[in-house]
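As structure tokens, the structure follows; a few thoughts come after it.
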Amino acid sequence: MPLHAEPKVFLFLSEILGQKVFDADGQTLGVILDLTGSIGEIYPPVTGVLVMLSYPKRLAFIPWQRLTDQHGMLVVAQPVGEDFPTPEPRPGEPFLTETLLDKQVVGANGTKIRRVNDLHFLKVRNGLYLVHVDVGFQGLLRRVGLARPIAWLLQVLFDYRLKDELISWKDVQPLSSPDLVG
């Protein structure tokens, strides 16, 4: 493989939420509830993960730099004790689920206002970047866990395939209203 060709993986937020985070010994630390990102950038990098710790049962914030992907498992790279801070978003790095899901967006070219049903990320090396918002019906089905059965049913009964409806993040800009991103 050429040096410039690195593996790239696309992930949806709905696939990330609920995933387990592990310690270096392979023990479950908790599950992912949300991500934070620097949304002012063209393709915002994920900066942290909101986790519900298994023990003690509490919310914690883990900076993205402390996580590594080991064979598809998110592992906290450095040893941890009780050093997980209380989750508070930093300025310009909000919780993405709360800030973007179910909010309205409009494309930069003036396309109609649409509801954000899911977020689409690109994983490159150890970075995760927000690249699209999903405004389609399939994104909504994916979020509620029905994308595969509905897709199968539509294919079998009607020979129809749902398509993702993605708007590039670079075409989405925050507006003054908290419910409108465009």
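Chain identifiers are assigned as A, B, and so on, following the order in which chains appear in the structure tokens; residues are numbered from 1 within each chain, and ligands are numbered from 1 in order of appearance.
Secondary structure by DSSP on the backbone puts the following residues of chain A in alpha helix (DSSP H): Leu13, Ser14, Glu15, Ile16, Leu96, Thr97, Glu98, Thr99, Leu100, Phe137, Gln138, Gly139, Leu140, Leu141, Arg142, Arg143, Ala147, Arg148, Pro149, Ile150, Ala151, Trp152, Leu153, Leu154, Gln155, Val156, Leu157 and Phe158 of chain A.
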I need the chosen residues saved as a PDB file, in the first residue's frame, with N, CA and C atoms.
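File part00.pdb, as written:
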```pdb
ATOM      1  N   LEU A  13     -23.026   8.740  13.631  1.00  0.00           N
ATOM      2  CA  LEU A  13     -23.147   8.945  15.076  1.00  0.00           C
ATOM      3  C   LEU A  13     -24.012   7.856  15.697  1.00  0.00           C
ATOM      4  N   SER A  14     -25.083   7.470  15.019  1.00  0.00           N
ATOM      5  CA  SER A  14     -25.972   6.429  15.553  1.00  0.00           C
ATOM      6  C   SER A  14     -25.255   5.097  15.729  1.00  0.00           C
ATOM      7  N   GLU A  15     -24.166   4.873  14.991  1.00  0.00           N
ATOM      8  CA  GLU A  15     -23.379   3.647  15.148  1.00  0.00           C
ATOM      9  C   GLU A  15     -22.373   3.770  16.292  1.00  0.00           C
ATOM     10  N   ILE A  16     -22.017   5.001  16.640  1.00  0.00           N
ATOM     11  CA  ILE A  16     -21.019   5.246  17.679  1.00  0.00           C
ATOM     12  C   ILE A  16     -21.664   5.280  19.063  1.00  0.00           C
ATOM     13  N   LEU A  96     -22.294  17.155  20.424  1.00  0.00           N
ATOM     14  CA  LEU A  96     -22.844  17.153  19.075  1.00  0.00           C
ATOM     15  C   LEU A  96     -24.291  16.664  19.007  1.00  0.00           C
ATOM     16  N   THR A  97     -24.642  15.664  19.779  1.00  0.00           N
ATOM     17  CA  THR A  97     -26.011  15.162  19.755  1.00  0.00           C
ATOM     18  C   THR A  97     -26.980  16.264  20.157  1.00  0.00           C
ATOM     19  N   GLU A  98     -26.693  16.884  21.264  1.00  0.00           N
ATOM     20  CA  GLU A  98     -27.557  17.931  21.803  1.00  0.00           C
ATOM     21  C   GLU A  98     -27.598  19.157  20.892  1.00  0.00           C
ATOM     22  N   THR A  99     -26.477  19.489  20.269  1.00  0.00           N
ATOM     23  CA  THR A  99     -26.371  20.700  19.466  1.00  0.00           C
ATOM     24  C   THR A  99     -26.925  20.538  18.056  1.00  0.00           C
ATOM     25  N   LEU A 100     -26.768  19.348  17.454  1.00  0.00           N
ATOM     26  CA  LEU A 100     -27.091  19.202  16.035  1.00  0.00           C
ATOM     27  C   LEU A 100     -28.263  18.283  15.706  1.00  0.00           C
ATOM     28  N   PHE A 137     -34.522  10.068   5.435  1.00  0.00           N
ATOM     29  CA  PHE A 137     -35.340   9.120   6.190  1.00  0.00           C
ATOM     30  C   PHE A 137     -34.497   7.956   6.691  1.00  0.00           C
ATOM     31  N   GLN A 138     -33.516   7.536   5.891  1.00  0.00           N
ATOM     32  CA  GLN A 138     -32.664   6.426   6.315  1.00  0.00           C
ATOM     33  C   GLN A 138     -31.882   6.781   7.576  1.00  0.00           C
ATOM     34  N   GLY A 139     -31.452   8.039   7.697  1.00  0.00           N
ATOM     35  CA  GLY A 139     -30.751   8.479   8.904  1.00  0.00           C
ATOM     36  C   GLY A 139     -31.629   8.365  10.135  1.00  0.00           C
ATOM     37  N   LEU A 140     -32.895   8.709   9.981  1.00  0.00           N
ATOM     38  CA  LEU A 140     -33.837   8.589  11.093  1.00  0.00           C
ATOM     39  C   LEU A 140     -34.052   7.121  11.454  1.00  0.00           C
ATOM     40  N   LEU A 141     -34.217   6.274  10.445  1.00  0.00           N
ATOM     41  CA  LEU A 141     -34.381   4.838  10.702  1.00  0.00           C
ATOM     42  C   LEU A 141     -33.144   4.254  11.389  1.00  0.00           C
ATOM     43  N   ARG A 142     -31.958   4.696  10.963  1.00  0.00           N
ATOM     44  CA  ARG A 142     -30.711   4.210  11.562  1.00  0.00           C
ATOM     45  C   ARG A 142     -30.672   4.585  13.037  1.00  0.00           C
ATOM     46  N   ARG A 143     -31.074   5.805  13.345  1.00  0.00           N
ATOM     47  CA  ARG A 143     -31.051   6.271  14.736  1.00  0.00           C
ATOM     48  C   ARG A 143     -31.943   5.452  15.653  1.00  0.00           C
ATOM     49  N   ALA A 147     -33.068   0.683  10.442  1.00  0.00           N
ATOM     50  CA  ALA A 147     -32.582   0.842   9.067  1.00  0.00           C
ATOM     51  C   ALA A 147     -32.466  -0.497   8.344  1.00  0.00           C
ATOM     52  N   ARG A 148     -31.863  -1.485   8.968  1.00  0.00           N
ATOM     53  CA  ARG A 148     -31.667  -2.776   8.283  1.00  0.00           C
ATOM     54  C   ARG A 148     -32.985  -3.501   8.018  1.00  0.00           C
ATOM     55  N   PRO A 149     -33.873  -3.646   9.018  1.00  0.00           N
ATOM     56  CA  PRO A 149     -35.116  -4.370   8.713  1.00  0.00           C
ATOM     57  C   PRO A 149     -35.998  -3.644   7.685  1.00  0.00           C
ATOM     58  N   ILE A 150     -36.074  -2.327   7.755  1.00  0.00           N
ATOM     59  CA  ILE A 150     -36.891  -1.582   6.793  1.00  0.00           C
ATOM     60  C   ILE A 150     -36.263  -1.662   5.411  1.00  0.00           C
ATOM     61  N   ALA A 151     -34.928  -1.546   5.329  1.00  0.00           N
ATOM     62  CA  ALA A 151     -34.243  -1.655   4.041  1.00  0.00           C
ATOM     63  C   ALA A 151     -34.501  -3.031   3.422  1.00  0.00           C
ATOM     64  N   TRP A 152     -34.421  -4.071   4.231  1.00  0.00           N
ATOM     65  CA  TRP A 152     -34.679  -5.425   3.739  1.00  0.00           C
ATOM     66  C   TRP A 152     -36.120  -5.550   3.235  1.00  0.00           C
ATOM     67  N   LEU A 153     -37.056  -5.034   4.013  1.00  0.00           N
ATOM     68  CA  LEU A 153     -38.473  -5.106   3.646  1.00  0.00           C
ATOM     69  C   LEU A 153     -38.747  -4.353   2.341  1.00  0.00           C
ATOM     70  N   LEU A 154     -38.216  -3.156   2.209  1.00  0.00           N
ATOM     71  CA  LEU A 154     -38.412  -2.377   0.983  1.00  0.00           C
ATOM     72  C   LEU A 154     -37.776  -3.058  -0.226  1.00  0.00           C
ATOM     73  N   GLN A 155     -36.623  -3.679  -0.007  1.00  0.00           N
ATOM     74  CA  GLN A 155     -35.949  -4.382  -1.104  1.00  0.00           C
ATOM     75  C   GLN A 155     -36.754  -5.599  -1.540  1.00  0.00           C
ATOM     76  N   VAL A 156     -37.222  -6.385  -0.586  1.00  0.00           N
ATOM     77  CA  VAL A 156     -37.957  -7.611  -0.896  1.00  0.00           C
ATOM     78  C   VAL A 156     -39.325  -7.305  -1.517  1.00  0.00           C
ATOM     79  N   LEU A 157     -40.048  -6.380  -0.930  1.00  0.00           N
ATOM     80  CA  LEU A 157     -41.411  -6.115  -1.391  1.00  0.00           C
ATOM     81  C   LEU A 157     -41.481  -5.242  -2.650  1.00  0.00           C
ATOM     82  N   PHE A 158     -40.595  -4.239  -2.729  1.00  0.00           N
ATOM     83  CA  PHE A 158     -40.732  -3.245  -3.793  1.00  0.00           C
ATOM     84  C   PHE A 158     -39.487  -3.076  -4.660  1.00  0.00           C
TER      85      PHE A 158
END
```
Proximity to Arg66 in chain A - best of A:Gly145, A:Gly18, A:Pro91, A:Gly127, only C-alpha atoms: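 Going through A:Gly145, A:Gly18, A:Pro91, A:Gly127 one by one, the smallest distance to Arg66 in chain A is for A:Gly127.
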Have a look at CA of Leu50 in chain A and CA of Leu17 in chain A and let me know their distance in Å, one decimal.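 Interatomic distance, CA of Leu50 in chain A to CA of Leu17 in chain A: 9.7 Å.
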Separation of CA of Glu165 in chain A and CA of Leu33 in chain A, in Å? 24.1 Å
Run DSSP on the backbone of this structure and report the residues of range 8-179 of chain A it assigns to strand (DSSP E), as a VMD selection string. chain A and resid 8 to 12 20 to 22 28 to 37 46 to 53 59 to 63 67 to 70 73 to 76 104 to 105 114 to 115 118 to 124 127 to 134 166 to 168
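Of the listed residues A:Ala77, A:Asp118, A:Val31, A:Trp64, the one whose atoms come nearest to Val144 in chain A is A:Asp118, with distances taken using only C-alpha atoms.
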